[in-house]
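Heads up, entry.cif below (mmCIF, C-alpha atoms):
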data_structure
loop_
_atom_site.label_atom_id
_atom_site.label_comp_id
_atom_site.auth_asym_id
_atom_site.auth_seq_id
_atom_site.Cartn_x
_atom_site.Cartn_y
_atom_site.Cartn_z
CA MET A 1 0.00 0.00 0.00
CA ALA A 2 1.42 3.39 -1.02
CA GLN A 3 2.48 5.59 1.89
CA GLN A 4 0.83 9.00 2.13
CA THR A 5 2.46 12.04 3.66
CA VAL A 6 0.90 15.21 5.02
CA ARG A 7 1.10 18.12 2.57
CA LYS A 8 -0.36 21.58 2.16
CA ALA A 9 -3.78 21.63 0.53
CA SER A 10 -3.99 23.30 -2.87
CA ARG A 11 -6.92 23.74 -5.22
CA LYS A 12 -6.37 22.01 -8.56
CA ASN A 13 -7.85 22.86 -11.93
CA ALA A 14 -11.32 21.37 -12.04
CA ARG A 15 -14.12 20.28 -14.31
CA MET A 16 -17.48 21.79 -13.42
CA ARG A 17 -20.27 19.57 -12.12
CA VAL A 18 -23.47 21.62 -12.30
CA GLY A 19 -27.03 20.65 -11.33
CA ILE A 20 -30.08 22.59 -12.55
CA SER A 21 -33.47 21.93 -10.93
CA ALA A 22 -36.72 23.52 -12.08
CA PRO A 23 -40.37 22.84 -12.91
CA ALA A 24 -41.53 22.45 -16.51
CA GLY A 25 -41.18 25.60 -18.58
CA ALA A 26 -38.64 27.30 -16.34
CA GLY A 27 -35.78 26.96 -18.84
CA LYS A 28 -33.59 24.07 -17.69
CA THR A 29 -32.40 22.99 -21.15
CA MET A 30 -31.90 26.52 -22.48
CA GLY A 31 -30.03 27.52 -19.32
CA ALA A 32 -27.81 24.44 -19.55
CA LEU A 33 -26.95 25.20 -23.19
CA LEU A 34 -26.07 28.83 -22.39
CA ILE A 35 -23.84 27.85 -19.45
CA ALA A 36 -22.18 25.23 -21.64
CA TYR A 37 -21.44 27.80 -24.35
CA GLY A 38 -19.89 30.13 -21.79
CA LEU A 39 -17.61 27.31 -20.63
CA VAL A 40 -16.16 26.51 -24.07
CA GLU A 41 -17.50 29.16 -26.53
CA ASP A 42 -17.79 26.56 -29.28
CA TRP A 43 -21.09 24.80 -30.04
CA THR A 44 -19.30 21.83 -31.62
CA LYS A 45 -17.67 21.06 -28.24
CA ILE A 46 -21.03 20.79 -26.48
CA GLY A 47 -22.97 17.51 -26.29
CA LEU A 48 -26.55 17.04 -25.13
CA LEU A 49 -27.97 13.69 -23.98
CA ASP A 50 -31.73 14.02 -24.42
CA THR A 51 -34.29 11.95 -22.48
CA GLU A 52 -37.19 14.23 -23.43
CA THR A 53 -38.38 12.39 -26.58
CA GLY A 54 -36.39 14.50 -29.02
CA SER A 55 -37.14 17.95 -27.60
CA GLY A 56 -33.43 18.55 -27.03
CA GLU A 57 -32.95 19.20 -30.76
CA LEU A 58 -35.59 21.94 -30.90
CA TYR A 59 -33.19 24.59 -29.59
CA VAL A 60 -30.86 24.58 -32.61
CA GLY A 61 -31.23 27.90 -34.48
CA LEU A 62 -33.37 29.40 -31.72
CA LYS A 63 -32.80 33.05 -30.87
CA VAL A 64 -32.08 33.55 -27.18
CA PRO A 65 -34.75 35.83 -25.66
CA GLY A 66 -33.42 39.27 -24.80
CA SER A 67 -30.25 38.98 -26.90
CA THR A 68 -29.00 38.62 -30.47
CA MET A 69 -27.48 35.23 -29.73
CA VAL A 70 -28.63 32.18 -31.72
CA ILE A 71 -28.17 28.61 -30.47
CA GLY A 72 -25.71 26.78 -32.75
CA GLU A 73 -25.45 23.13 -33.75
CA TYR A 74 -24.25 20.96 -30.87
CA CYS A 75 -23.63 17.23 -30.63
CA TYR A 76 -26.69 15.19 -29.77
CA TRP A 77 -27.53 11.77 -28.30
CA ARG A 78 -31.13 10.65 -27.89
CA LEU A 79 -31.92 8.30 -25.02
CA ASP A 80 -35.27 6.52 -25.21
CA PRO A 81 -36.90 4.22 -22.59
CA PRO A 82 -35.98 2.18 -20.73
CA TYR A 83 -33.86 4.76 -18.91
CA THR A 84 -31.25 2.39 -17.50
CA ILE A 85 -27.99 3.53 -15.97
CA ALA A 86 -26.09 1.56 -18.61
CA LYS A 87 -27.76 3.59 -21.39
CA TYR A 88 -26.95 6.88 -19.63
CA ILE A 89 -23.30 5.86 -19.32
CA GLU A 90 -23.20 4.72 -22.95
CA GLY A 91 -24.51 8.09 -24.11
CA GLN A 92 -22.19 10.11 -21.88
CA LYS A 93 -19.15 8.14 -23.05
CA ALA A 94 -20.17 8.51 -26.71
CA LEU A 95 -20.38 12.29 -26.37
CA GLU A 96 -17.03 12.43 -24.56
CA GLU A 97 -15.39 10.34 -27.29
CA ALA A 98 -16.91 12.68 -29.92
CA GLY A 99 -14.80 15.47 -28.42
CA CYS A 100 -17.46 17.19 -26.32
CA GLU A 101 -15.83 19.25 -23.59
CA VAL A 102 -19.22 19.90 -21.99
CA VAL A 103 -21.81 17.11 -21.65
CA ILE A 104 -25.38 18.05 -20.72
CA LEU A 105 -27.49 15.24 -19.21
CA ASP A 106 -31.06 16.41 -19.84
CA SER A 107 -32.47 15.09 -17.60
CA ILE A 108 -31.21 12.74 -14.90
CA THR A 109 -34.68 12.55 -13.33
CA HIS A 110 -35.50 9.71 -15.74
CA ALA A 111 -32.58 7.66 -14.36
CA TRP A 112 -34.36 7.73 -11.00
CA ALA A 113 -38.11 7.88 -11.67
CA GLY A 114 -38.49 7.03 -15.36
CA SER A 115 -39.45 3.75 -17.01
CA GLY A 116 -36.54 1.39 -16.46
CA GLY A 117 -35.01 3.80 -13.93
CA LEU A 118 -33.80 2.90 -10.48
CA LEU A 119 -37.17 3.17 -8.71
CA ASP A 120 -38.75 1.03 -11.41
CA LYS A 121 -35.98 -1.56 -11.06
CA GLN A 122 -36.31 -1.59 -7.27
CA GLY A 123 -40.06 -2.08 -7.51
CA LYS A 124 -39.76 -5.02 -9.88
CA ILE A 125 -37.10 -6.72 -7.76
CA ALA A 126 -39.21 -6.19 -4.64
CA ALA A 127 -42.29 -7.60 -6.39
CA ARG A 128 -40.38 -10.77 -7.27
CA SER A 129 -38.67 -11.26 -3.94
CA GLY A 130 -41.33 -9.88 -1.61
CA ASN A 131 -38.64 -7.89 0.21
CA SER A 132 -38.49 -4.17 -0.56
CA TYR A 133 -35.52 -3.49 1.71
CA THR A 134 -33.10 -6.03 0.24
CA ALA A 135 -34.08 -4.95 -3.30
CA TRP A 136 -32.04 -1.78 -2.77
CA ARG A 137 -28.93 -3.96 -2.53
CA ASP A 138 -29.17 -4.51 -6.30
CA VAL A 139 -30.10 -0.90 -7.09
CA THR A 140 -27.67 1.20 -5.03
CA PRO A 141 -24.54 -0.01 -6.90
CA ASP A 142 -26.12 1.23 -10.16
CA HIS A 143 -26.74 4.65 -8.64
CA THR A 144 -23.19 4.75 -7.27
CA LEU A 145 -21.79 3.88 -10.70
CA PHE A 146 -23.95 6.58 -12.32
CA VAL A 147 -22.61 9.23 -9.92
CA ASP A 148 -19.02 8.00 -10.24
CA THR A 149 -19.25 8.19 -14.04
CA MET A 150 -20.37 11.82 -13.87
CA LEU A 151 -17.72 12.79 -11.34
CA SER A 152 -14.87 11.06 -13.19
CA SER A 153 -15.73 12.55 -16.59
CA PRO A 154 -12.94 14.46 -18.37
CA SER A 155 -15.66 16.88 -19.56
CA HIS A 156 -17.67 19.48 -17.72
CA ILE A 157 -21.02 17.94 -16.71
CA ILE A 158 -24.32 19.82 -16.51
CA ALA A 159 -27.24 17.72 -15.25
CA THR A 160 -30.82 18.95 -15.31
CA MET A 161 -33.48 17.64 -12.92
CA ARG A 162 -37.21 18.02 -12.93
CA ALA A 163 -38.53 19.61 -9.76
CA LYS A 164 -41.61 18.36 -8.01
CA THR A 165 -44.18 21.09 -8.56
CA GLU A 166 -46.93 22.69 -6.56
CA TYR A 167 -49.44 25.37 -7.49
CA VAL A 168 -49.90 28.33 -5.15
CA GLN A 169 -52.47 31.11 -5.16
CA GLU A 170 -51.20 34.67 -4.95
CA LYS A 171 -52.75 38.12 -5.29
CA ASP A 172 -51.22 40.57 -7.75
CA GLU A 173 -50.84 44.32 -7.15
CA LYS A 174 -54.46 44.86 -8.27
CA GLY A 175 -55.76 42.30 -5.79
CA LYS A 176 -56.54 39.71 -8.45
CA THR A 177 -55.88 36.08 -7.54
CA THR A 178 -53.31 34.35 -9.77
CA ILE A 179 -52.02 30.80 -9.86
CA ARG A 180 -48.27 30.24 -9.91
CA LYS A 181 -46.29 27.03 -10.36
CA VAL A 182 -43.41 26.62 -7.92
CA GLY A 183 -40.64 24.04 -7.90
CA LEU A 184 -39.88 22.03 -4.79
CA ALA A 185 -37.26 19.29 -4.36
CA PRO A 186 -35.58 17.82 -7.47
CA VAL A 187 -36.89 14.42 -8.57
CA GLN A 188 -33.76 12.36 -8.00
CA ARG A 189 -32.34 10.25 -5.22
CA GLU A 190 -32.14 12.19 -1.96
CA GLY A 191 -28.70 13.73 -1.49
CA MET A 192 -27.85 13.98 -5.20
CA ASP A 193 -27.17 17.73 -4.79
CA TYR A 194 -24.12 16.88 -2.67
CA GLU A 195 -22.37 15.59 -5.81
CA PHE A 196 -22.32 18.93 -7.67
CA VAL A 197 -20.06 21.97 -7.46
CA CYS A 198 -23.05 24.25 -8.09
CA VAL A 199 -26.79 23.62 -7.98
CA PHE A 200 -29.21 26.18 -9.43
CA ASP A 201 -32.97 26.40 -8.91
CA ILE A 202 -34.95 28.30 -11.58
CA GLU A 203 -38.23 30.08 -10.86
CA GLN A 204 -40.85 29.16 -13.45
CA THR A 205 -42.44 32.52 -14.33
CA THR A 206 -39.43 34.89 -14.24
CA HIS A 207 -36.75 32.30 -15.18
CA THR A 208 -34.64 33.72 -12.36
CA ALA A 209 -32.00 31.39 -10.93
CA THR A 210 -30.62 31.11 -7.42
CA ALA A 211 -27.76 28.97 -6.17
CA THR A 212 -28.84 26.46 -3.53
CA LYS A 213 -25.28 25.14 -3.44
CA ASP A 214 -22.13 26.94 -4.61
CA ARG A 215 -18.61 25.77 -3.85
CA THR A 216 -17.23 28.55 -6.06
CA SER A 217 -18.84 31.38 -4.02
CA LEU A 218 -19.48 33.14 -7.36
CA PHE A 219 -23.27 33.04 -7.19
CA ASP A 220 -24.08 32.73 -3.49
CA GLY A 221 -26.97 35.02 -2.53
CA GLU A 222 -27.44 36.29 -6.10
CA PHE A 223 -30.55 36.35 -8.32
CA PHE A 224 -29.73 36.05 -12.02
CA LYS A 225 -30.65 34.58 -15.39
CA LEU A 226 -28.64 31.62 -16.68
CA SER A 227 -26.46 32.89 -19.53
CA PRO A 228 -23.06 32.41 -21.18
CA ASP A 229 -21.62 34.84 -18.61
CA VAL A 230 -22.40 32.27 -15.89
CA GLY A 231 -20.37 29.69 -17.81
CA LYS A 232 -17.51 32.14 -18.37
CA LYS A 233 -17.27 32.85 -14.64
CA MET A 234 -17.21 29.11 -13.98
CA ARG A 235 -14.45 28.59 -16.55
CA VAL A 236 -12.23 31.25 -14.94
CA TRP A 237 -12.76 29.68 -11.53
CA ALA A 238 -12.19 26.11 -12.79
CA ASP A 239 -8.94 27.07 -14.55
CA SER A 240 -7.53 29.13 -11.69
CA GLY A 241 -6.20 26.18 -9.70
CA VAL A 242 -2.94 24.28 -9.98
CA ALA A 243 -2.53 22.35 -13.25
CA VAL A 244 -2.67 18.59 -12.75
CA ALA A 245 -0.51 16.26 -14.85
CA SER A 246 -2.44 13.35 -16.35
CA PRO A 247 -1.38 10.04 -14.75
CA PRO A 248 -0.23 7.21 -17.05
CA PRO A 249 -3.53 5.24 -17.30
CA ALA A 250 -2.01 2.05 -18.69
CA GLU A 251 0.32 1.72 -15.70
CA LYS A 252 -2.51 2.40 -13.26
CA ARG A 253 -4.70 -0.24 -14.87
CA LYS A 254 -1.91 -2.80 -14.79
CA GLY A 255 -1.52 -2.26 -11.05
CA LEU A 256 -5.27 -2.54 -10.64
CA ARG A 257 -5.37 -5.87 -12.50
CA ASP A 258 -2.64 -7.24 -10.23
CA MET A 259 -4.63 -6.10 -7.19
CA MET A 260 -7.78 -7.79 -8.57
CA ARG A 261 -5.96 -11.08 -9.11
CA GLU A 262 -4.56 -11.02 -5.56
CA ALA A 263 -7.96 -10.15 -4.07
CA VAL A 264 -9.74 -12.88 -6.05
CA ALA A 265 -7.13 -15.42 -4.99
CA VAL A 266 -7.77 -14.81 -1.27
CA ALA A 267 -11.56 -14.30 -1.52
CA SER A 268 -13.53 -16.61 0.74
CA SER A 269 -17.07 -16.07 -0.52
CA LEU A 270 -19.23 -14.76 -3.35
CA ASP A 271 -19.72 -11.56 -1.35
CA ASP A 272 -15.95 -10.96 -1.55
CA ILE A 273 -16.05 -11.30 -5.35
CA ARG A 274 -19.02 -8.93 -5.59
CA ALA A 275 -17.15 -6.41 -3.44
CA ILE A 276 -14.16 -6.54 -5.83
CA GLU A 277 -16.42 -6.13 -8.87
CA ASN A 278 -18.25 -3.16 -7.30
CA ARG A 279 -15.15 -1.23 -6.26
CA GLN A 280 -15.27 2.31 -7.62
CA ASP A 281 -11.79 2.12 -9.18
CA VAL A 282 -12.62 -1.20 -10.87
CA ARG A 283 -15.89 0.11 -12.32
CA ASN A 284 -14.25 3.31 -13.54
CA ALA A 285 -11.41 1.38 -15.15
CA LEU A 286 -13.84 -0.96 -16.93
CA LEU A 287 -15.61 2.06 -18.41
CA LYS A 288 -12.43 3.68 -19.69
CA ALA A 289 -10.23 0.71 -20.65
CA GLY A 290 -9.62 -0.48 -24.18
CA PRO A 291 -11.06 -3.82 -25.40
CA GLU A 292 -8.04 -5.97 -24.46
CA ILE A 293 -7.63 -4.63 -20.92
CA LYS A 294 -11.38 -4.65 -20.34
CA ALA A 295 -11.58 -8.30 -21.45
CA GLU A 296 -8.74 -9.20 -19.09
CA MET A 297 -10.41 -7.48 -16.13
CA GLU A 298 -13.75 -9.15 -16.89
CA ALA A 299 -12.00 -12.53 -17.10
CA ILE A 300 -10.52 -12.01 -13.61
CA ILE A 301 -14.01 -11.36 -12.22
CA ARG A 302 -15.47 -14.39 -14.04
CA ASP A 303 -12.72 -16.60 -12.63
CA GLY A 304 -13.61 -15.32 -9.17
CA TYR A 305 -17.29 -16.17 -9.55
CA ALA A 306 -16.34 -19.60 -10.92
CA ARG A 307 -14.63 -20.39 -7.62
CA PHE A 308 -17.96 -20.12 -5.79
CA PRO A 309 -20.73 -21.59 -7.98
CA ALA A 310 -24.05 -20.39 -6.61
CA PRO A 311 -26.69 -23.05 -5.88
CA GLU A 312 -29.78 -22.81 -8.02
CA ALA A 313 -32.50 -21.01 -6.13
CA ALA A 314 -36.12 -22.03 -6.40
CA PRO A 315 -38.15 -19.43 -8.27
CA ALA A 316 -39.98 -17.08 -5.93
CA ALA A 317 -43.73 -17.58 -5.81
CA PRO A 318 -45.68 -14.61 -7.13
CA LEU A 319 -47.22 -12.38 -4.48
CA THR A 320 -50.94 -12.58 -3.86
CA PRO A 321 -52.83 -9.26 -4.06
CA ALA A 322 -53.01 -9.16 -0.27
CA GLN A 323 -49.25 -9.76 0.05
CA TRP A 324 -48.58 -7.09 -2.57
CA LEU A 325 -50.63 -4.54 -0.61
CA VAL A 326 -48.69 -5.39 2.55
CA ALA A 327 -45.38 -4.92 0.68
CA LEU A 328 -46.60 -1.59 -0.71
CA GLY A 329 -47.55 -0.45 2.76
CA THR A 330 -44.08 -1.39 4.03
CA ASP A 331 -42.44 0.61 1.22
CA LEU A 332 -44.60 3.68 1.90
CA GLU A 333 -43.96 3.49 5.63
CA ALA A 334 -40.19 3.27 5.04
CA ALA A 335 -40.17 6.33 2.73
CA LYS A 336 -38.26 9.16 4.36
CA THR A 337 -39.36 12.05 2.13
CA GLU A 338 -42.38 13.22 0.17
CA THR A 339 -40.36 12.72 -3.03
CA ALA A 340 -39.74 9.08 -2.10
CA VAL A 341 -43.48 8.52 -1.59
CA SER A 342 -44.23 10.09 -4.97
CA GLY A 343 -41.61 7.85 -6.57
CA ILE A 344 -43.23 4.74 -5.09
CA ALA A 345 -46.64 5.88 -6.33
CA ALA A 346 -45.18 6.29 -9.83
CA ARG A 347 -43.78 2.73 -9.97
CA ASP A 348 -44.99 0.52 -12.79
CA ASP A 349 -46.52 -2.10 -10.47
CA VAL A 350 -48.50 0.57 -8.59
CA GLN A 351 -49.70 2.25 -11.77
CA ASN A 352 -50.71 -1.14 -13.24
CA ALA A 353 -52.68 -1.96 -10.10
CA LEU A 354 -54.45 1.42 -10.23
CA ALA A 355 -55.40 0.76 -13.85
CA LYS A 356 -56.54 -2.86 -13.53
CA ALA A 357 -57.47 -3.63 -9.92
CA PRO A 358 -61.07 -3.64 -8.64
CA ALA A 359 -62.41 -0.32 -7.34
CA PRO A 360 -62.04 -1.23 -3.61
CA VAL A 361 -58.35 -2.08 -4.13
CA VAL A 362 -57.77 1.14 -6.08
CA ALA A 363 -59.40 3.10 -3.27
CA LYS A 364 -57.17 1.37 -0.70
CA ILE A 365 -54.00 2.12 -2.71
CA ASN A 366 -54.97 5.79 -3.04
CA ALA A 367 -55.71 5.97 0.68
CA MET A 368 -52.33 4.42 1.53
CA VAL A 369 -50.45 6.89 -0.68
CA SER A 370 -52.44 9.85 0.69
CA ALA A 371 -51.74 8.76 4.26
CA ALA A 372 -48.01 8.49 3.50
CA LEU A 373 -47.96 11.96 1.91
CA THR A 374 -49.79 13.38 4.93
CA ARG A 375 -46.77 12.54 7.09
CA PHE A 376 -44.81 15.24 5.29
CA ALA A 377 -47.55 17.90 5.12
CA PRO A 378 -46.82 21.13 7.06
CA GLU A 379 -48.80 21.69 10.22
CA ALA A 380 -52.03 23.59 9.79
CA GLU A 381 -51.67 27.37 9.93
CA GLY A 382 -52.33 28.78 13.37
CA MET A 383 -51.84 25.45 15.17
CA GLU A 384 -50.41 25.90 18.64
CA THR A 385 -46.98 24.42 19.23
#

Show how you would write the structure in this file as structure tokens.
Amino acid sequence: MAQQTVRKASRKNARMRVGISAPAGAGKTMGALLIAYGLVEDWTKIGLLDTETGSGELYVGLKVPGSTMVIGEYCYWRLDPPYTIAKYIEGQKALEEAGCEVVILDSITHAWAGSGGLLDKQGKIAARSGNSYTAWRDVTPDHTLFVDTMLSSPSHIIATMRAKTEYVQEKDEKGKTTIRKVGLAPVQREGMDYEFVCVFDIEQTTHTATATKDRTSLFDGEFFKLSPDVGKKMRVWADSGVAVASPPPAEKRKGLRDMMREAVAVASSLDDIRAIENRQDVRNALLKAGPEIKAEMEAIIRDGYARFPAPEAAPAAPLTPAQWLVALGTDLEAAKTETAVSGIAARDDVQNALAKAPAPVVAKINAMVSAALTRFAPEAEGMET
């Protein structure tokens, strides 16, 4: 194991990791494109991964409101359902290999709550096994890999997220009641905002952005519109650190393969092999390695699994409707946030039950979801504390 010595901390040159959260119509995609242009000032170096059924191409040639700027032709990758983590990674890597210095993931909400996303996968595993809690054991590594792939990218990453929305009544200056859409928490796994350098929330009617997280201190406490100037400020900050020499990747991977062989040789169980396979450095190396090295690393893992052949498990019996309702209740009770409850309600198995089950069962499901949401409702106005 390499010895580490204490040294003075120094900020290195960085790649931006930006999150943008907003309700529909607030300007997430447009804002992401404008920030991206400010970072590189070349449309051909910008790539957009689009999960919004082709709407990501509609911005090409569009005049930016309030300016003479026109959106140029950027690189594009369309991602259709199912929204699996593997497909997100494939698209991100393709854009990076095409020379994109900024990659926009528009949006990463689908990776969490979309068809084939992580909540959908967890629900299907739980439905088969009857155990909602242990189903996360197969889902969390995918989420970890998704985050690691974003953070280890050689490109700047801008990720948009849909915000859970709510409608509020307000009175204008003439006393007339108006309805306004407001964005709440982003629809993604709780804690995702920790992974970004900056996170911006956009207000739907004025398109005004605020920074809910800002490690750069450039935007803290400010109210502003997302524009190329935001990207330019980020670029100056990102390039103002100490230059970092690129490590020799081939040598690092060779050392990693030796480590994998040694770890596999002393492994005492299947869990040990899974732990080796799920190591962050192993997963990152598999994503970046060439065909020969990747094949060698995969062969090491296969050899490890071959040492511990798993006994064939009897197929799990399908859940009865009553058992399914009990499992749903357990999931809703375990939900820690309102967003988590909404994600459970959006699962394929729940939606299918609402569409096909008898009316009394549908009523019970709706009552269970409403009761779970009530746990997170604010206390009634005027209630004594």

Restricting the calculation to only C-alpha atoms, which member of A:Phe219, A:Gly72, A:Ile85, A:Glu262 is positioned closest to Asp120 (chain A)? A:Ile85

Would you mind listing what lies within 10 Å of Leu62 (chain A) as a ChimeraX atom specification, with all atoms listed in the file counted and same-chain residues fewer than 5 positions away left out? /A:30,69-72

Do you know which residues the PyMOL selection byres ((chain A and resi 307) around 12) returns on this file, as a count of residues only? 20

List the residues selected by the PyMOL selection byres ((chain A and resi 208-218) around 9) in the file shown, writing them as number ranges by chain. A: 26, 193-194, 196-207, 219-226, 233-234, 237-238

Now that the selection is made, can you save its residues with C-alpha atoms as a JSON list (two decimals), keeping the file's coordinate frame?
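Okay, result-v2.json is ready:
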[["chain", "number", "residue", "atom", "x", "y", "z"],
["A", 26, "ALA", "CA", -38.64, 27.30, -16.34],
["A", 193, "ASP", "CA", -27.17, 17.73, -4.79],
["A", 194, "TYR", "CA", -24.12, 16.88, -2.67],
["A", 196, "PHE", "CA", -22.32, 18.93, -7.67],
["A", 197, "VAL", "CA", -20.06, 21.97, -7.46],
["A", 198, "CYS", "CA", -23.05, 24.25, -8.09],
["A", 199, "VAL", "CA", -26.79, 23.62, -7.98],
["A", 200, "PHE", "CA", -29.21, 26.18, -9.43],
["A", 201, "ASP", "CA", -32.97, 26.40, -8.91],
["A", 202, "ILE", "CA", -34.95, 28.30, -11.58],
["A", 203, "GLU", "CA", -38.23, 30.08, -10.86],
["A", 204, "GLN", "CA", -40.85, 29.16, -13.45],
["A", 205, "THR", "CA", -42.44, 32.52, -14.33],
["A", 206, "THR", "CA", -39.43, 34.89, -14.24],
["A", 207, "HIS", "CA", -36.75, 32.30, -15.18],
["A", 219, "PHE", "CA", -23.27, 33.04, -7.19],
["A", 220, "ASP", "CA", -24.08, 32.73, -3.49],
["A", 221, "GLY", "CA", -26.97, 35.02, -2.53],
["A", 222, "GLU", "CA", -27.44, 36.29, -6.10],
["A", 223, "PHE", "CA", -30.55, 36.35, -8.32],
["A", 224, "PHE", "CA", -29.73, 36.05, -12.02],
["A", 225, "LYS", "CA", -30.65, 34.58, -15.39],
["A", 226, "LEU", "CA", -28.64, 31.62, -16.68],
["A", 233, "LYS", "CA", -17.27, 32.85, -14.64],
["A", 234, "MET", "CA", -17.21, 29.11, -13.98],
["A", 237, "TRP", "CA", -12.76, 29.68, -11.53],
["A", 238, "ALA", "CA", -12.19, 26.11, -12.79]]

Interatomic distance (Å, one decimal) between CA of Val60 (chain A) and CA of Tyr37 (chain A):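 If I compute the distance from CA of Val60 (chain A) to CA of Tyr37 (chain A), I get 12.9 Å.
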
Spatial sel., origin (-43.5, 3.5, -0.1), limit 10 Å, all atoms listed in the file, listed as a PyMOL selection string: chain A and resi 123+132+327-338+340-345+347+368-369+372-373

Tell me, in Å to one decimal, how far CA of Asp80 (chain A) is from CA of Asp138 (chain A).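 Calculated distance between CA of Asp80 (chain A) and CA of Asp138 (chain A) is 22.7 Å.
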
For a test of reading the model, state the distance in Å between CA of Val187 (chain A) and CA of Asn366 (chain A), rounded to one decimal.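 Here the two named atoms are 20.8 Å from each other.
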
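Here the question is which of A:Ala32, A:Cys100, A:Val147, A:Ile125 gets nearest to Ser227 (chain A) using only C-alpha atoms, and that residue is A:Ala32.
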
Could you list, as JSON, numbers by chain, every residue within 12 Å of region 362-364 of chain A, counting only C-alpha atoms and ignoring same-chain residues fewer than 2 positions away? {"A": [321, 322, 325, 326, 328, 329, 350, 351, 352, 353, 354, 355, 356, 357, 358, 359, 360, 366, 367, 368, 369, 370, 371]}

Among A:Arg283, A:Arg274, A:Lys63, A:Arg17, Met150 (chain A) is approached most closely, using only C-alpha atoms, by A:Arg17

For this file, the PyMOL selection byres ((chain A and resi 151) around 12) selects which residues, as a ChimeraX atom specification? /A:14-18,89,92,103,144-150,152-159,192,194-197,280,284

May I have the selected residues written with C-alpha atoms, as a PDB file, keeping the file's coordinate frame?
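As a result, selection_25.pdb now contains:
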ATOM      1  CA  ALA A  14     -11.320  21.370 -12.040  1.00  0.00           C
ATOM      2  CA  ARG A  15     -14.120  20.280 -14.310  1.00  0.00           C
ATOM      3  CA  MET A  16     -17.480  21.790 -13.420  1.00  0.00           C
ATOM      4  CA  ARG A  17     -20.270  19.570 -12.120  1.00  0.00           C
ATOM      5  CA  VAL A  18     -23.470  21.620 -12.300  1.00  0.00           C
ATOM      6  CA  ILE A  89     -23.300   5.860 -19.320  1.00  0.00           C
ATOM      7  CA  GLN A  92     -22.190  10.110 -21.880  1.00  0.00           C
ATOM      8  CA  VAL A 103     -21.810  17.110 -21.650  1.00  0.00           C
ATOM      9  CA  THR A 144     -23.190   4.750  -7.270  1.00  0.00           C
ATOM     10  CA  LEU A 145     -21.790   3.880 -10.700  1.00  0.00           C
ATOM     11  CA  PHE A 146     -23.950   6.580 -12.320  1.00  0.00           C
ATOM     12  CA  VAL A 147     -22.610   9.230  -9.920  1.00  0.00           C
ATOM     13  CA  ASP A 148     -19.020   8.000 -10.240  1.00  0.00           C
ATOM     14  CA  THR A 149     -19.250   8.190 -14.040  1.00  0.00           C
ATOM     15  CA  MET A 150     -20.370  11.820 -13.870  1.00  0.00           C
ATOM     16  CA  SER A 152     -14.870  11.060 -13.190  1.00  0.00           C
ATOM     17  CA  SER A 153     -15.730  12.550 -16.590  1.00  0.00           C
ATOM     18  CA  PRO A 154     -12.940  14.460 -18.370  1.00  0.00           C
ATOM     19  CA  SER A 155     -15.660  16.880 -19.560  1.00  0.00           C
ATOM     20  CA  HIS A 156     -17.670  19.480 -17.720  1.00  0.00           C
ATOM     21  CA  ILE A 157     -21.020  17.940 -16.710  1.00  0.00           C
ATOM     22  CA  ILE A 158     -24.320  19.820 -16.510  1.00  0.00           C
ATOM     23  CA  ALA A 159     -27.240  17.720 -15.250  1.00  0.00           C
ATOM     24  CA  MET A 192     -27.850  13.980  -5.200  1.00  0.00           C
ATOM     25  CA  TYR A 194     -24.120  16.880  -2.670  1.00  0.00           C
ATOM     26  CA  GLU A 195     -22.370  15.590  -5.810  1.00  0.00           C
ATOM     27  CA  PHE A 196     -22.320  18.930  -7.670  1.00  0.00           C
ATOM     28  CA  VAL A 197     -20.060  21.970  -7.460  1.00  0.00           C
ATOM     29  CA  GLN A 280     -15.270   2.310  -7.620  1.00  0.00           C
ATOM     30  CA  ASN A 284     -14.250   3.310 -13.540  1.00  0.00           C
TER      31      ASN A 284
END
